[in-house]
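Visitor: My questions will all concern the structure given below.
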Amino acid sequence: MITCIINGMAAFPAASQSIKITYGNQYVTDDGEYSYDINFPMSIMNNRRVFHNVSRFDVSKVTQKFDDCKLYVSGRLILSGVGTVISVTESEIKLQIVGGKSRIKYNDRMTRHYVDEIPFGTANKPGYDVDKGWSQKFKDRISEIYRLDEDKSKFLGVLGKWCFMPVRDETNDLIANFVGVDRTKQFIGYNAPFITNLAVQPNLMYIFRKVIEYEGYTLKRNDFDIKPWNLLYIASAYKTRELRKALPHWSSYTFIEEFRKLFNATIVFDDIKKTCSVINASELTTVDSVEIEPCDEYTADYDEDGSFSTSSTANLEYNLGDSANRDNYEVISKKVFDSFETVHSTELMGSDRQFASTTLSWSEKQKRQTIIENFGNYYIYMEDGNGNKSWKPAGIWSPLIRDSLSEDYVDLNISPAAQVVENINFKSGLLEDNYYEKRCLLSIPNDKESDSKECDIDEDGYSYTSVQDAIGDESTLDNSEDEQECMNIFFILPGRVQSTDGSTTKLSWVGEKSRWPQFLTDYRINTGFRLGIAHFDDTYFSLSLCMKGGIGATVLGTLHDNGLKIDNKNCLQVKFKSDVIPDPSRTYIIHNKKFVCEKIEMDVKDDQIDKIYVGYFYMMS
């Protein structure tokens, strides 16, 4: 017998109908499990009650969605998810059920919630309130000011939740989260460090967990909530302590999907237990294998562009955003790689010795037209402003090219933040002399704050749009996503501060009390600003895609280099027999060849599950 429990009430599909169910492999495709049309006769009283007599001519035909649908065959649960009425006639209702990852993609709930509108809360003040010093009135564009604790080991924020990293606000031409020192007590009344113009920067793992919880799930497992990935924070120059203001205007679904792509992760939702698991995608290579014997009938389809595209198989590139302080040589494009020879050098200390051995017999032209790859690092022969030529590092944020013949790219919209070195004026008192020291800080546009409208504030401190505001400017109600919007991230190094620029070990009056935090996006960039007590395990992190990791280094590219090779251009459709419902997430052995399964289709007819299944397979190597 086939029974469907819809929001706790039993409904009965047509007994003569054949119901097709598809189980998608969530490791390699966006699809989870879903049904095709399920017909419910309106001659059955239970069905009329469940669907509120919608088949009657005089009843409004509003599209109905049911959040909790379970399909049982002979008492066995075979599908659980969200049901949507897709057709209504006088005699029957047609319903489709989607579950797993399909549910995320097609459930209005996750596509209508925007992460920059979810109430994540407000960050605590990072220091002590102060009475305004008389010098403050002579400083322009100063907002919140707090005196900081002089203990340099203390985290500037709440570790694992949010931080306050100095950042160049390119739009407003100021430094948000400016961390200074009041030398003469004219600014905050104490000879102590202080922070002004607060712009909260949330922890990536914290926001991800909060989004999952907001959508009604418990995050049971997150393989990436470990060091160094749980030290990733979201760059923002939006001057507020409200966490949601630091986030892009993405739906919950988009945020979850971008998180998955960044880490090459598998995200599995259990709609029955209401749990979510984030799994390292390399488990695809270690899952159990099942050997099957195909029936005589099979089909092989070829797709030149690839039948499916995932972060596990396609070329990857970062959407780095529009920061004005990006280095011109941060990215070597695929076109440049294709146009010039890349020489793989194993010369030790090659960059320090200007690759003297590698380039011993090279002409000037050959140097200028060659890219050197040395232990995962790229170098090009460059001429500086003074006419001096040398081998310089380049292409840190270059794309990961898995297939040089393919134009199939997946954009990663969570990307490394830009950084800039500036000569900072630490003068805080009106009668002080100017005093400059170099510091490394983030750099990011802040159009979102400049474009924001004046909003009302509720009793909890959250901004909102009133009817009056909406009538005056309907753009305040625009909720469309910008496909090109990116979210920049960085690693923070807890308990470490920038005391010098690396050119000296002598501390100035600023360095002695500095609370300016240390951060990085790649351990090879601006290394002089991360000097101090040696914590080698804290230093060698990188968000590089094309680098596979060096000795002692933890590199994001290693998460995308799991040795998984899938021929996604040739799909083998195979019919096979099984006494149990096959699991598409397993790998399959067919005639001694190993395949990954994209999806499996089964039929339910005559009140029972048909034992002949159709699988869609791609060869692994």
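The way I read the labels, and the way they are meant: chains A, B, ... in the order of the structure tokens, residue 1 as the first residue of every chain, and ligand 1 as the first ligand shown, with later ones counted on from there.
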Write out as a list in words each polymer residue whose atoms come within 6 Å of A:Val331, counting only C-alpha atoms; drop sequence neighbours fewer than 5 positions from it.

Guide: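 Result of the neighbour search: Gly395, Trp397 and Ser398 of chain A.
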
Visitor: Could you write out that same residue set with C-alpha atoms as an mmCIF file, in the first residue's frame?

Guide:
```
data_model
loop_
_atom_site.group_PDB
_atom_site.id
_atom_site.type_symbol
_atom_site.label_atom_id
_atom_site.label_comp_id
_atom_site.auth_asym_id
_atom_site.auth_seq_id
_atom_site.Cartn_x
_atom_site.Cartn_y
_atom_site.Cartn_z
ATOM 1 C CA GLY A 395 49.644 34.739 -9.481
ATOM 2 C CA TRP A 397 45.126 34.041 -6.601
ATOM 3 C CA SER A 398 45.404 32.367 -10.015
#
```

Visitor: Using only C-alpha atoms, determine which residues lie at most 12 Å from A:Ile19, disregarding the query and same-chain residues fewer than 2 positions distant; provide the list as a ChimeraX atom specification.

Guide: /A:2,13-17,21-22,34-40,71-73,78-79,94-97,601-610

Visitor: Would you mind writing down, as number ranges by chain, each residue of stretch 99-314 of chain A that DSSP on the backbone assigns to strand (DSSP E or B)?

Guide: A: 99, 114, 122, 128-129, 145-147, 157-158, 162-163, 167-169, 174-176, 178-181, 193-196, 201-203, 218-222, 232-234, 242, 251, 265-270, 275-280, 289-291, 294-302

Visitor: How far is it from atom CA of A:Asn592 to atom CA of A:Lys611, in Å with one decimal?

Guide: 22.8 Å

Visitor: Show me, as JSON lines, the residues of stretch 384-501 of chain A having an atom within 10 Å of stretch 334-356 of chain A, each with the closest atom pair and its distance in Å, using only C-alpha atoms.

Guide:
```
{"residue": "A:Ser390", "atom": "CA", "partner": "A:Gln354", "partner_atom": "CA", "distance": 7.0}
{"residue": "A:Trp391", "atom": "CA", "partner": "A:Gln354", "partner_atom": "CA", "distance": 6.0}
{"residue": "A:Lys392", "atom": "CA", "partner": "A:Ser351", "partner_atom": "CA", "distance": 7.7}
{"residue": "A:Pro393", "atom": "CA", "partner": "A:Ser351", "partner_atom": "CA", "distance": 8.3}
{"residue": "A:Ser398", "atom": "CA", "partner": "A:Lys334", "partner_atom": "CA", "distance": 8.3}
{"residue": "A:Pro399", "atom": "CA", "partner": "A:Lys334", "partner_atom": "CA", "distance": 7.2}
{"residue": "A:Leu400", "atom": "CA", "partner": "A:Lys334", "partner_atom": "CA", "distance": 9.0}
{"residue": "A:Ile401", "atom": "CA", "partner": "A:Lys334", "partner_atom": "CA", "distance": 7.4}
{"residue": "A:Ser404", "atom": "CA", "partner": "A:Lys334", "partner_atom": "CA", "distance": 7.9}
{"residue": "A:Leu405", "atom": "CA", "partner": "A:Asp338", "partner_atom": "CA", "distance": 9.8}
{"residue": "A:Glu407", "atom": "CA", "partner": "A:Lys334", "partner_atom": "CA", "distance": 9.4}
```

Visitor: Out of A:Thr196, A:Thr29, A:Asn446, A:Thr299, which residue has the shortest atom-to-atom distance to A:Asp169 when counting only C-alpha atoms?

Guide: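 Closest to A:Asp169, using only C-alpha atoms: A:Asn446.
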
Visitor: Enter the distance from atom CA of A:Phe529 to atom CA of A:Cys440, in Å, rounded to one decimal.

Guide: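 Those two atoms sit 6.6 Å apart.
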
Visitor: Can you pull out every residue within 8 Å of A:Met487, counting only C-alpha atoms, but drop anything in the same chain fewer than 5 positions away, and send it as a list of chain:residue names?

Guide: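 Within the cut-off, the hits are A:Ile234, A:Ala235, A:Leu247, A:Pro248, A:Asn413, A:Ile414, A:Ser415.
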
Visitor: If we count only C-alpha atoms, what is near stretch 48-57 of chain A at a cut-off of 10 Å, once residues fewer than 2 positions away on the same chain are taken out, given as a ChimeraX atom specification?

Guide: /A:5-11,40-46,59-64,66,85,87-93

Visitor: With distances taken over only C-alpha atoms, which residue among A:Val179, A:Gly83, A:Phe255, A:Asn388 lies nearest A:Ser499?

Guide: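 Closest residue, counting only C-alpha atoms: A:Val179.
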
Visitor: Which residues are close to A:Met619, i.e. within 7 Å by only C-alpha atoms, leaving aside same-chain residues fewer than 5 positions away? Reply as number ranges by chain.

Guide: A: 566-567, 594-596

Visitor: Using DSSP on the backbone, list every residue of stretch 295-445 of chain A that comes out as alpha helix (DSSP H), and give them as a ChimeraX atom specification.

Guide: /A:334-339,364-368

Visitor: Counting only C-alpha atoms, give me one row per residue of stretch 482-552 of chain A with an atom at most 10 Å from an atom of stretch 158-164 of chain A, showing the shortest contact pair and its distance in Å to one decimal, sorted by chain then residue number, as a Markdown table.

Guide:
```
| residue | atom | partner | partner_atom | distance |
| --- | --- | --- | --- | --- |
| A:Ile492 | CA | A:Cys163 | CA | 8.6 |
| A:Pro494 | CA | A:Leu159 | CA | 7.8 |
| A:Trp516 | CA | A:Phe164 | CA | 9.5 |
| A:Pro517 | CA | A:Phe164 | CA | 8.6 |
```

Visitor: So that I can check the surroundings of A:Ile444, please list as a ChimeraX atom specification every protein, DNA and RNA residue that reaches within 8 Å of it, counting only C-alpha atoms and ignoring chain neighbours fewer than 2 positions away.

Guide: /A:167-170,235-237,322-324,417-418,442,446

Visitor: Using only C-alpha atoms, find the one residue out of A:Val211, A:Val614, A:Ala553, A:Ile589 that sits nearest to A:Ile292.

Guide: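 Residue with the minimum atom-to-atom distance to A:Ile292: A:Ile589.
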